[in-house]
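Okay, start.pdb is below, PDB, C-alpha atoms:
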```pdb
ATOM      1  CA  MET Z 641      -4.175   4.635 -14.704
ATOM      2  CA  ASN Z 642      -2.504   7.928 -15.568
ATOM      3  CA  GLY Z 643      -3.353  11.599 -15.481
ATOM      4  CA  GLY Z 644      -3.608  12.032 -19.239
ATOM      5  CA  PRO Z 645      -0.660  12.832 -21.523
ATOM      6  CA  SER Z 646       2.754  12.133 -20.031
ATOM      7  CA  GLY Z 647       4.873  14.956 -18.680
ATOM      8  CA  PHE Z 648       3.671  18.323 -17.435
ATOM      9  CA  ASN Z 649       2.075  19.586 -20.638
ATOM     10  CA  ASN Z 650      -0.665  22.103 -19.774
ATOM     11  CA  ALA Z 651       0.351  21.906 -16.088
ATOM     12  CA  PRO Z 652       3.096  24.515 -15.467
ATOM     13  CA  VAL Z 653       1.951  25.299 -11.916
ATOM     14  CA  THR Z 654       2.081  21.642 -10.900
ATOM     15  CA  ARG Z 655       5.536  21.317 -12.468
ATOM     16  CA  ALA Z 656       6.823  24.327 -10.524
ATOM     17  CA  PHE Z 657       5.316  22.958  -7.310
ATOM     18  CA  VAL Z 658       6.848  19.493  -7.793
ATOM     19  CA  ILE Z 659      10.286  20.910  -8.608
ATOM     20  CA  THR Z 660      10.161  23.155  -5.540
ATOM     21  CA  SER Z 661       9.073  20.265  -3.319
ATOM     22  CA  VAL Z 662      11.876  18.010  -4.578
ATOM     23  CA  LEU Z 663      14.553  20.711  -4.148
ATOM     24  CA  PHE Z 664      13.362  21.618  -0.648
ATOM     25  CA  THR Z 665      13.307  17.942   0.332
ATOM     26  CA  VAL Z 666      16.818  17.307  -0.983
ATOM     27  CA  PHE Z 667      18.434  20.366   0.585
ATOM     28  CA  PHE Z 668      16.432  20.749   3.801
ATOM     29  CA  GLY Z 669      14.992  17.302   4.378
ATOM     30  CA  ILE Z 670      17.043  14.284   3.327
ATOM     31  CA  ARG Z 671      20.357  16.071   2.891
ATOM     32  CA  GLY Z 672      19.735  18.557   5.677
ATOM     33  CA  GLY Z 673      19.582  16.006   8.453
ATOM     34  CA  GLY Z 674      18.479  12.562   7.404
ATOM     35  CA  GLY Z 675      16.228  10.159   9.226
ATOM     36  CA  GLY Z 676      14.520  11.281  12.395
ATOM     37  CA  ASP Z 677      16.792  14.346  12.660
ATOM     38  CA  SER Z 678      15.415  15.885   9.469
ATOM     39  CA  SER Z 679      11.897  15.072  10.628
ATOM     40  CA  SER Z 680      12.374  17.026  13.855
ATOM     41  CA  LYS Z 681      13.960  19.964  12.028
ATOM     42  CA  LEU Z 682      11.108  20.308   9.533
ATOM     43  CA  ALA Z 683       8.053  19.303  11.560
ATOM     44  CA  LEU Z 684       5.926  22.088  13.024
ATOM     45  CA  SER Z 685       5.510  22.419  16.763
ATOM     46  CA  TYR Z 686       3.622  24.690  19.126
ATOM     47  CA  GLN Z 687       6.807  26.666  19.705
ATOM     48  CA  ASP Z 688       7.282  27.389  15.983
ATOM     49  CA  VAL Z 689       3.892  29.075  15.732
ATOM     50  CA  PHE Z 690       3.039  30.574  19.135
ATOM     51  CA  GLU Z 691       6.312  31.123  20.996
ATOM     52  CA  LYS Z 692       8.961  31.862  18.372
ATOM     53  CA  PHE Z 693       7.229  32.371  15.053
ATOM     54  CA  ARG Z 694       9.531  31.069  12.304
ATOM     55  CA  ILE Z 695       8.272  31.981   8.864
ATOM     56  CA  TRP Z 696      11.182  30.246   7.088
ATOM     57  CA  LYS Z 697      10.490  26.968   8.867
ATOM     58  CA  LEU Z 698       6.821  27.350   7.992
ATOM     59  CA  ILE Z 699       7.739  27.658   4.301
ATOM     60  CA  LYS Z 700      10.113  24.703   4.433
ATOM     61  CA  SER Z 701       7.582  22.506   6.183
ATOM     62  CA  SER Z 702       5.015  23.312   3.487
ATOM     63  CA  PHE Z 703       7.202  21.941   0.682
ATOM     64  CA  ALA Z 704       9.847  19.548   2.035
ATOM     65  CA  PHE Z 705       9.106  15.921   2.850
ATOM     66  CA  SER Z 706      10.998  14.465   5.802
ATOM     67  CA  SER Z 707      11.945  11.120   4.237
ATOM     68  CA  THR Z 708      12.703   9.527   0.884
ATOM     69  CA  SER Z 709       9.656   7.246   0.999
ATOM     70  CA  GLU Z 710       7.322  10.183   1.647
ATOM     71  CA  LEU Z 711       8.961  12.068  -1.219
ATOM     72  CA  LEU Z 712       8.397   9.178  -3.653
ATOM     73  CA  PHE Z 713       4.723   8.704  -2.791
ATOM     74  CA  GLY Z 714       4.105  12.446  -2.542
ATOM     75  CA  VAL Z 715       5.656  13.309  -5.907
ATOM     76  CA  TYR Z 716       3.815  10.410  -7.536
ATOM     77  CA  LEU Z 717       0.480  11.765  -6.282
ATOM     78  CA  LEU Z 718       1.314  15.370  -7.180
ATOM     79  CA  TYR Z 719       2.282  14.228 -10.665
ATOM     80  CA  TYR Z 720      -0.970  12.352 -11.135
ATOM     81  CA  PHE Z 721      -3.112  15.192  -9.791
ATOM     82  CA  ARG Z 722      -1.765  17.499 -12.527
ATOM     83  CA  VAL Z 723      -4.920  16.399 -14.374
ATOM     84  CA  PHE Z 724      -6.905  18.877 -12.278
ATOM     85  CA  GLU Z 725      -4.803  21.797 -13.477
ATOM     86  CA  ARG Z 726      -5.540  20.704 -17.042
ATOM     87  CA  GLN Z 727      -9.213  20.537 -16.190
ATOM     88  CA  ILE Z 728      -9.718  23.940 -14.510
ATOM     89  CA  GLY Z 729      -6.703  25.849 -15.852
ATOM     90  CA  SER Z 730      -3.498  27.066 -14.223
ATOM     91  CA  ASN Z 731      -5.044  30.203 -12.743
ATOM     92  CA  LYS Z 732      -7.829  28.468 -10.827
ATOM     93  CA  HIS Z 733      -5.496  25.649  -9.850
ATOM     94  CA  SER Z 734      -3.181  28.251  -8.289
ATOM     95  CA  VAL Z 735      -6.160  29.486  -6.278
ATOM     96  CA  PHE Z 736      -6.888  25.899  -5.233
ATOM     97  CA  ILE Z 737      -3.284  25.473  -4.027
ATOM     98  CA  LEU Z 738      -3.307  28.721  -2.045
ATOM     99  CA  PHE Z 739      -6.751  28.072  -0.559
ATOM    100  CA  SER Z 740      -6.016  24.487   0.498
ATOM    101  CA  GLY Z 741      -2.655  25.504   1.956
ATOM    102  CA  PHE Z 742      -4.111  28.462   3.881
ATOM    103  CA  VAL Z 743      -7.112  26.579   5.279
ATOM    104  CA  SER Z 744      -4.996  23.563   6.175
ATOM    105  CA  LEU Z 745      -2.478  25.801   7.957
ATOM    106  CA  ILE Z 746      -5.264  27.390  10.024
ATOM    107  CA  LEU Z 747      -6.597  23.965  10.989
ATOM    108  CA  GLN Z 748      -3.114  22.717  11.893
ATOM    109  CA  THR Z 749      -2.565  25.841  13.999
ATOM    110  CA  ILE Z 750      -5.764  25.064  15.889
ATOM    111  CA  VAL Z 751      -4.513  21.515  16.512
ATOM    112  CA  LEU Z 752      -1.188  22.830  17.851
ATOM    113  CA  SER Z 753      -2.980  25.300  20.119
ATOM    114  CA  LEU Z 754      -5.039  22.501  21.654
ATOM    115  CA  PHE Z 755      -2.010  20.427  22.665
ATOM    116  CA  LYS Z 756       0.307  23.299  23.681
ATOM    117  CA  ASP Z 757       3.317  21.009  23.894
ATOM    118  CA  SER Z 758       6.391  23.026  22.885
ATOM    119  CA  SER Z 759       8.658  19.975  23.069
ATOM    120  CA  ALA Z 760       6.730  17.823  20.608
ATOM    121  CA  ASN Z 761       6.786  18.051  16.802
ATOM    122  CA  LEU Z 762       3.162  17.125  16.261
ATOM    123  CA  LEU Z 763       2.885  17.682  12.515
ATOM    124  CA  THR Z 764       5.063  16.165   9.831
ATOM    125  CA  SER Z 765       6.314  18.298   6.945
ATOM    126  CA  GLY Z 766       5.419  18.195   3.260
ATOM    127  CA  PRO Z 767       2.680  19.452   0.898
ATOM    128  CA  TYR Z 768       0.027  17.300   2.552
ATOM    129  CA  ALA Z 769      -2.526  20.089   2.172
ATOM    130  CA  LEU Z 770      -2.464  20.072  -1.635
ATOM    131  CA  ILE Z 771      -2.132  16.309  -1.978
ATOM    132  CA  PHE Z 772      -5.060  15.364   0.245
ATOM    133  CA  ALA Z 773      -7.204  18.302  -0.848
ATOM    134  CA  SER Z 774      -6.833  16.896  -4.376
ATOM    135  CA  PHE Z 775      -8.297  13.586  -3.248
ATOM    136  CA  VAL Z 776     -11.702  15.281  -2.950
ATOM    137  CA  PRO Z 777     -12.111  15.998  -6.711
ATOM    138  CA  PHE Z 778     -10.322  12.730  -7.456
ATOM    139  CA  CYS Z 779     -12.963  10.802  -5.534
ATOM    140  CA  LEU Z 780     -15.942  12.752  -6.872
ATOM    141  CA  ASP Z 781     -14.971  13.729 -10.437
ATOM    142  CA  ILE Z 782     -12.656  11.065 -11.857
ATOM    143  CA  PRO Z 783     -14.692   8.098 -13.148
ATOM    144  CA  VAL Z 784     -13.614   4.479 -12.870
ATOM    145  CA  SER Z 785     -12.714   3.174 -16.295
ATOM    146  CA  LYS Z 786     -11.464  -0.312 -15.393
ATOM    147  CA  ARG Z 787     -12.330  -2.876 -12.736
ATOM    148  CA  PHE Z 788     -10.537  -6.132 -11.971
ATOM    149  CA  ASN Z 789     -10.223  -8.820  -9.308
ATOM    150  CA  VAL Z 790      -7.076 -10.006  -7.533
ATOM    151  CA  PHE Z 791      -7.467 -13.114  -5.368
ATOM    152  CA  GLY Z 792     -11.168 -12.383  -5.043
ATOM    153  CA  LEU Z 793     -10.650  -8.749  -4.058
ATOM    154  CA  HIS Z 794     -12.247  -6.046  -6.186
ATOM    155  CA  PHE Z 795     -10.034  -3.235  -7.486
ATOM    156  CA  SER Z 796     -10.306  -0.424 -10.001
ATOM    157  CA  ASP Z 797      -7.805   1.725 -11.857
ATOM    158  CA  LYS Z 798      -8.246   4.301  -9.050
ATOM    159  CA  SER Z 799      -7.219   1.844  -6.333
ATOM    160  CA  PHE Z 800      -3.487   2.439  -6.774
ATOM    161  CA  ILE Z 801      -3.911   6.171  -6.197
ATOM    162  CA  TYR Z 802      -5.907   5.503  -3.027
ATOM    163  CA  LEU Z 803      -3.275   3.010  -1.813
ATOM    164  CA  ALA Z 804      -0.504   5.552  -2.370
ATOM    165  CA  GLY Z 805      -2.560   8.100  -0.441
ATOM    166  CA  VAL Z 806      -3.105   5.724   2.485
ATOM    167  CA  GLN Z 807       0.618   4.939   2.562
ATOM    168  CA  LEU Z 808       1.459   8.643   2.714
ATOM    169  CA  LEU Z 809      -1.277   9.362   5.253
ATOM    170  CA  LEU Z 810       0.062   6.688   7.621
ATOM    171  CA  SER Z 811       3.764   7.270   6.925
ATOM    172  CA  SER Z 812       4.323   9.035  10.265
ATOM    173  CA  TRP Z 813       1.139   7.850  11.981
ATOM    174  CA  LYS Z 814      -0.542  10.686  13.900
ATOM    175  CA  ARG Z 815       1.991  13.274  12.749
ATOM    176  CA  SER Z 816       1.055  12.653   9.113
ATOM    177  CA  MET Z 817      -2.625  11.851   9.665
ATOM    178  CA  LEU Z 818      -3.407  15.290  11.106
ATOM    179  CA  PRO Z 819      -2.069  17.290   8.104
ATOM    180  CA  GLY Z 820      -3.733  14.813   5.751
ATOM    181  CA  ILE Z 821      -7.129  15.201   7.410
ATOM    182  CA  CYS Z 822      -6.723  18.989   7.387
ATOM    183  CA  GLY Z 823      -6.032  18.801   3.658
ATOM    184  CA  ILE Z 824      -9.168  16.744   3.040
ATOM    185  CA  ILE Z 825     -11.241  19.283   4.974
ATOM    186  CA  ALA Z 826      -9.695  22.121   2.941
ATOM    187  CA  GLY Z 827     -10.493  20.311  -0.309
ATOM    188  CA  SER Z 828     -14.070  19.717   0.848
ATOM    189  CA  LEU Z 829     -14.527  23.417   1.641
ATOM    190  CA  TYR Z 830     -13.253  24.319  -1.822
ATOM    191  CA  ARG Z 831     -15.655  21.788  -3.295
ATOM    192  CA  LEU Z 832     -18.527  23.426  -1.386
ATOM    193  CA  ASN Z 833     -17.470  26.736  -2.978
ATOM    194  CA  ILE Z 834     -17.286  28.495   0.371
ATOM    195  CA  PHE Z 835     -17.051  32.289  -0.016
ATOM    196  CA  GLY Z 836     -17.372  31.723  -3.778
ATOM    197  CA  ILE Z 837     -13.771  30.479  -3.903
ATOM    198  CA  GLY Z 838     -14.502  28.399  -7.018
ATOM    199  CA  LYS Z 839     -14.909  31.590  -9.063
ATOM    200  CA  ALA Z 840     -11.835  33.357  -7.665
ATOM    201  CA  LYS Z 841      -8.901  34.054  -9.976
ATOM    202  CA  LEU Z 842      -5.418  35.412  -9.518
ATOM    203  CA  PRO Z 843      -4.085  38.318 -11.578
ATOM    204  CA  GLY Z 844      -2.945  37.081 -14.973
ATOM    205  CA  PHE Z 845       0.724  37.861 -14.393
ATOM    206  CA  VAL Z 846       0.830  35.585 -11.318
ATOM    207  CA  ALA Z 847      -0.295  32.462 -13.175
ATOM    208  CA  SER Z 848       1.804  33.328 -16.230
ATOM    209  CA  PHE Z 849       4.871  33.507 -13.993
ATOM    210  CA  PHE Z 850       4.836  29.741 -13.701
ATOM    211  CA  SER Z 851       4.632  29.402 -17.473
ATOM    212  CA  ARG Z 852       7.768  31.523 -17.882
ATOM    213  CA  MET Z 853       9.709  29.324 -15.500
ATOM    214  CA  SER Z 854       8.520  26.168 -17.306
ATOM    215  CA  LEU Z 855      10.981  23.882 -19.008
ATOM    216  CA  PRO Z 856      11.494  24.765 -22.699
ATOM    217  CA  SER Z 857      10.445  21.307 -23.842
ATOM    218  CA  SER Z 858       6.888  21.842 -22.702
ATOM    219  CA  SER Z 859       6.445  25.607 -22.677
ATOM    220  CA  SER Z 860       4.447  25.512 -25.880
ATOM    221  CA  HIS Z 861       1.794  23.435 -24.126
ATOM    222  CA  SER Z 862       1.489  25.491 -20.935
ATOM    223  CA  GLN Z 863      -2.014  26.755 -21.597
ATOM    224  CA  ALA Z 864      -5.115  24.927 -20.480
ATOM    225  CA  PRO Z 865      -6.936  22.957 -23.173
ATOM    226  CA  ARG Z 866      -9.346  25.046 -25.216
ATOM    227  CA  ARG Z 867     -12.736  23.915 -26.394
ATOM    228  CA  THR Z 868     -12.332  21.521 -29.286
ATOM    229  CA  SER Z 869     -14.502  21.883 -32.365
ATOM    230  CA  PRO Z 870     -16.259  18.792 -33.722
ATOM    231  CA  SER Z 871     -14.232  18.876 -36.957
ATOM    232  CA  LEU Z 872     -10.985  19.098 -35.027
ATOM    233  CA  GLY Z 873     -12.044  16.160 -32.890
ATOM    234  CA  ARG Z 874     -12.822  14.089 -35.981
ATOM    235  CA  GLN Z 875      -9.449  14.983 -37.449
ATOM    236  CA  ALA Z 876      -7.673  13.866 -34.275
ATOM    237  CA  VAL Z 877      -9.604  10.596 -34.225
ATOM    238  CA  ARG Z 878      -8.666   9.857 -37.835
ATOM    239  CA  SER Z 879      -4.979  10.639 -37.265
ATOM    240  CA  TYR Z 880      -4.688   8.772 -33.964
ATOM    241  CA  GLN Z 881      -3.339   5.231 -34.339
ATOM    242  CA  ALA Z 882      -5.413   3.200 -31.902
ATOM    243  CA  PRO Z 883      -7.296  -0.110 -31.776
ATOM    244  CA  ILE Z 884     -10.438  -0.587 -33.817
ATOM    245  CA  PRO Z 885     -13.273   1.447 -32.243
ATOM    246  CA  SER Z 886     -15.642  -0.346 -29.938
ATOM    247  CA  SER Z 887     -19.324  -0.591 -30.694
ATOM    248  CA  ILE Z 888     -20.120   0.201 -27.049
ATOM    249  CA  GLU Z 889     -21.767   3.590 -26.626
ATOM    250  CA  PRO Z 890     -19.659   5.920 -24.433
ATOM    251  CA  SER Z 891     -21.069   6.544 -20.978
ATOM    252  CA  GLU Z 892     -22.603   9.934 -20.245
ATOM    253  CA  GLU Z 893     -20.340  10.212 -17.201
ATOM    254  CA  ALA Z 894     -17.224   9.875 -19.341
ATOM    255  CA  ILE Z 895     -18.541  12.393 -21.858
ATOM    256  CA  ALA Z 896     -19.349  14.839 -19.054
ATOM    257  CA  THR Z 897     -15.818  14.469 -17.693
ATOM    258  CA  LEU Z 898     -14.273  15.457 -21.030
ATOM    259  CA  VAL Z 899     -16.772  18.271 -21.577
ATOM    260  CA  SER Z 900     -15.880  19.681 -18.139
ATOM    261  CA  MET Z 901     -12.268  19.855 -19.326
ATOM    262  CA  GLY Z 902     -13.340  22.160 -22.155
ATOM    263  CA  PHE Z 903     -13.782  19.730 -25.046
ATOM    264  CA  ASP Z 904     -16.714  19.738 -27.459
ATOM    265  CA  GLN Z 905     -19.369  17.137 -26.653
ATOM    266  CA  ASN Z 906     -19.439  15.563 -30.124
ATOM    267  CA  ALA Z 907     -15.637  15.465 -30.295
ATOM    268  CA  ALA Z 908     -15.533  13.900 -26.823
ATOM    269  CA  ARG Z 909     -18.050  11.237 -27.848
ATOM    270  CA  GLN Z 910     -16.085  10.341 -30.992
ATOM    271  CA  ALA Z 911     -12.810  10.179 -29.075
ATOM    272  CA  LEU Z 912     -14.352   7.888 -26.451
ATOM    273  CA  VAL Z 913     -15.707   5.552 -29.137
ATOM    274  CA  HIS Z 914     -12.278   5.357 -30.731
ATOM    275  CA  ALA Z 915     -10.601   4.873 -27.342
ATOM    276  CA  ARG Z 916     -13.004   2.096 -26.278
ATOM    277  CA  ASN Z 917     -14.553   4.310 -23.602
ATOM    278  CA  ASP Z 918     -11.159   4.944 -21.938
ATOM    279  CA  VAL Z 919     -11.257   8.527 -20.620
ATOM    280  CA  ASN Z 920      -7.474   8.884 -20.422
ATOM    281  CA  ALA Z 921      -6.922   7.623 -23.970
ATOM    282  CA  ALA Z 922      -9.723   9.873 -25.237
ATOM    283  CA  THR Z 923      -8.080  12.843 -23.517
ATOM    284  CA  ASN Z 924      -4.835  12.002 -25.313
ATOM    285  CA  ILE Z 925      -6.662  12.008 -28.652
ATOM    286  CA  LEU Z 926      -8.321  15.361 -28.034
ATOM    287  CA  LEU Z 927      -5.197  17.036 -26.684
ATOM    288  CA  GLU Z 928      -3.245  15.746 -29.680
ATOM    289  CA  ALA Z 929      -5.617  17.726 -31.880
ATOM    290  CA  HIS Z 930      -4.359  20.948 -30.276
ATOM    291  CA  SER Z 931      -0.756  20.098 -31.090
ATOM    292  CA  HIS Z 932      -1.376  20.014 -34.851
TER     293      HIS Z 932
END
```

Any chance you could put this one into structure tokens?
Amino acid sequence: MNGGPSGFNNAPVTRAFVITSVLFTVFFGIRGGGGGDSSSKLALSYQDVFEKFRIWKLIKSSFAFSSTSELLFGVYLLYYFRVFERQIGSNKHSVFILFSGFVSLILQTIVLSLFKDSSANLLTSGPYALIFASFVPFCLDIPVSKRFNVFGLHFSDKSFIYLAGVQLLLSSWKRSMLPGICGIIAGSLYRLNIFGIGKAKLPGFVASFFSRMSLPSSSSHSQAPRRTSPSLGRQAVRSYQAPIPSSIEPSEEAIATLVSMGFDQNAARQALVHARNDVNAATNILLEAHSH
């Protein structure tokens, strides 16, 4: 299962976030200390917030993972979740990042205030807020397109994402579980549209900033997908080299998923027929239409 077209096309904010996370991890996490030493240097404690407020450490702990394994699983999940930026657009996705980070930070601060142990690093570092907040729309909005059995156990194409999330959530036991749970709560509050956050937008120049710092190879695709006309969808289906279309009627859930991303309903239906009801392949077909 993938998050649509490969690379960071139509996801400049996610690209900027991933690059920042990797650089912070390399220079302040893995390279900065290594092993348990880097974990103690980056992890937040009661002292960092209430006794000697350290804004720079707060920033570092929001981006840098404390180990190589956490970096690998974290970047993998961030890369997959770029599909949500394509769905709602870079501006609203920026709001989602800021909201989940802010709410998660407040919740983590409350946790630190309850323990009041200045000698313990209770919370591990890394963008757990964004990653686990993204699991809320992943669970509720991304449909299952494939199911299979392994030694009698039932799996779907979403299972690998959940397994990666569980691995990251338990990577440092309680120290990683607390930020992960805070992220899930933040994502749930965004989903509930608390304070009308779902309609909030940043000034145009803020979101466009990420597009300017995008890599040249994908800058031409930095905008969110626009609504596809039926004729354009038919043209993409004809030009896309794929297996012979299936006679199975596309599910309404799959059609609704593509329509929510801004595609025309008829074009989405045709793409799903041609892609054998595979949402990801149908997304590729429709996005390809915008590149011609």

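Remark: for Ile782 of chain Z, the closest of the candidate residues Z:Arg722, Z:Ser707, Z:Glu893, Z:Asn833 is Z:Glu893 (distances computed over all atoms listed in the file).
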
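Between Ser685 of chain Z and the residues Z:Gln748, Z:Ile670, Z:Phe721, Z:Thr654, the shortest atom-to-atom distance, using only C-alpha atoms, involves Z:Gln748.
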
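Nearest residue to Ser706 of chain Z, choosing from Z:Ser812, Z:Asp781, Z:Val776, Z:Lys692 and counting all atoms listed in the file: Z:Ser812.
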
Around (-1.8, 17.2, 19.6) in the file's own coordinates, what residues are found within 10 Å if you use all atoms listed in the file, given back as number ranges by chain?
Z: 685-686, 748, 750-757, 760-763, 814-815, 818

Between atom CA of Asn650 of chain Z and atom CA of Gly827 of chain Z, measure the distance and give it in Å to one decimal.
21.9 Å

Counting only C-alpha atoms, find the residues whose atoms lie at most 9 Å from (4.8, 14.6, -1.2) (file coordinates) and write them out as a PyMOL selection string.
chain Z and resi 658+661-662+703-705+710-718+766-768+771+808

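The shell of residues at most 10 Å from Ile837 of chain Z, with only C-alpha atoms counted and near chain neighbours (fewer than 3 positions) removed, consists of Lys732, Val735, Phe736, Phe739, Leu829, Tyr830, Arg831, Leu832, Asn833, Ile834, Ala840 and Lys841 of chain Z.
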
Starting from 3 Å padding per side, set up an axis-aligned box that covers all listed atoms of segment 897-915 of chain Z and hand over centre and edge lengths in Å, one decimal, as AutoDock Vina command-line options.
```
--center_x -15.0 --center_y 13.5 --center_z -24.3 --size_x 14.8 --size_y 23.3 --size_z 19.3
```

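Pairwise distance (atom CA of Met817 of chain Z, atom CA of Leu747 of chain Z) equals 12.8 Å.
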
What does the structure give for the distance between atom CA of Ile824 of chain Z and atom CA of Ala773 of chain Z, in Å to one decimal?
4.6 Å

With all atoms listed in the file as the counted atoms, please give the residues lying no more than 9 Å from Ala921 of chain Z, apart from itself and same-chain residues fewer than 4 positions off, as a list in words.
Gly644, Pro645, Ala911, Leu912, His914, Ala915, Arg916, Asn917, Ile925 and Leu926 of chain Z

Residues near Gln905 of chain Z, anyone? I mean within 8 Å using all atoms listed in the file, not counting same-chain ones fewer than 6 positions away, as a PDB file with C-alpha atoms, keeping the file's coordinate frame.
```
ATOM      1  CA  PRO Z 870     -16.259  18.792 -33.722  1.00  0.00           C
ATOM      2  CA  ILE Z 895     -18.541  12.393 -21.858  1.00  0.00           C
ATOM      3  CA  ALA Z 896     -19.349  14.839 -19.054  1.00  0.00           C
ATOM      4  CA  LEU Z 898     -14.273  15.457 -21.030  1.00  0.00           C
ATOM      5  CA  VAL Z 899     -16.772  18.271 -21.577  1.00  0.00           C
TER       6      VAL Z 899
END
```

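Against the coordinates shown, the PyMOL selection byres ((chain Z and resi 789-800) around 12) returns Met641, Asn642, Gly643, Phe713, Tyr716, Leu717, Tyr720, Phe775, Phe778, Cys779, Leu780, Asp781, Ile782, Pro783, Val784, Ser785, Lys786, Arg787, Phe788, Ile801, Tyr802, Leu803, Ala804, Gly805, Val806, Gln807, Asp918, Val919 and Asn920 of chain Z.
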
May I have the residues within 8 Å of Leu770 of chain Z as a PyMOL selection string, using all atoms listed in the file and disregarding those fewer than 5 positions away in the same chain?
chain Z and resi 737+740-741+823

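Once the PyMOL selection byres ((chain Z and resi 698) around 9) is applied to the depicted file, the selected set reads Leu682, Ala683, Leu684, Asp688, Val689, Phe693, Arg694, Ile695, Trp696, Lys697, Ile699, Lys700, Ser701 and Ser702 of chain Z.
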
Write to file, as a short mmCIF file (atom, residue, chain, number, x, y, z; two decimals), keeping the file's coordinate frame, the residues of the selection just made, with C-alpha atoms.
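What landed in part-v1.cif:
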```cif
data_model
loop_
_atom_site.label_atom_id
_atom_site.label_comp_id
_atom_site.auth_asym_id
_atom_site.auth_seq_id
_atom_site.Cartn_x
_atom_site.Cartn_y
_atom_site.Cartn_z
CA LEU Z 682 11.11 20.31 9.53
CA ALA Z 683 8.05 19.30 11.56
CA LEU Z 684 5.93 22.09 13.02
CA ASP Z 688 7.28 27.39 15.98
CA VAL Z 689 3.89 29.08 15.73
CA PHE Z 693 7.23 32.37 15.05
CA ARG Z 694 9.53 31.07 12.30
CA ILE Z 695 8.27 31.98 8.86
CA TRP Z 696 11.18 30.25 7.09
CA LYS Z 697 10.49 26.97 8.87
CA ILE Z 699 7.74 27.66 4.30
CA LYS Z 700 10.11 24.70 4.43
CA SER Z 701 7.58 22.51 6.18
CA SER Z 702 5.01 23.31 3.49
#
```
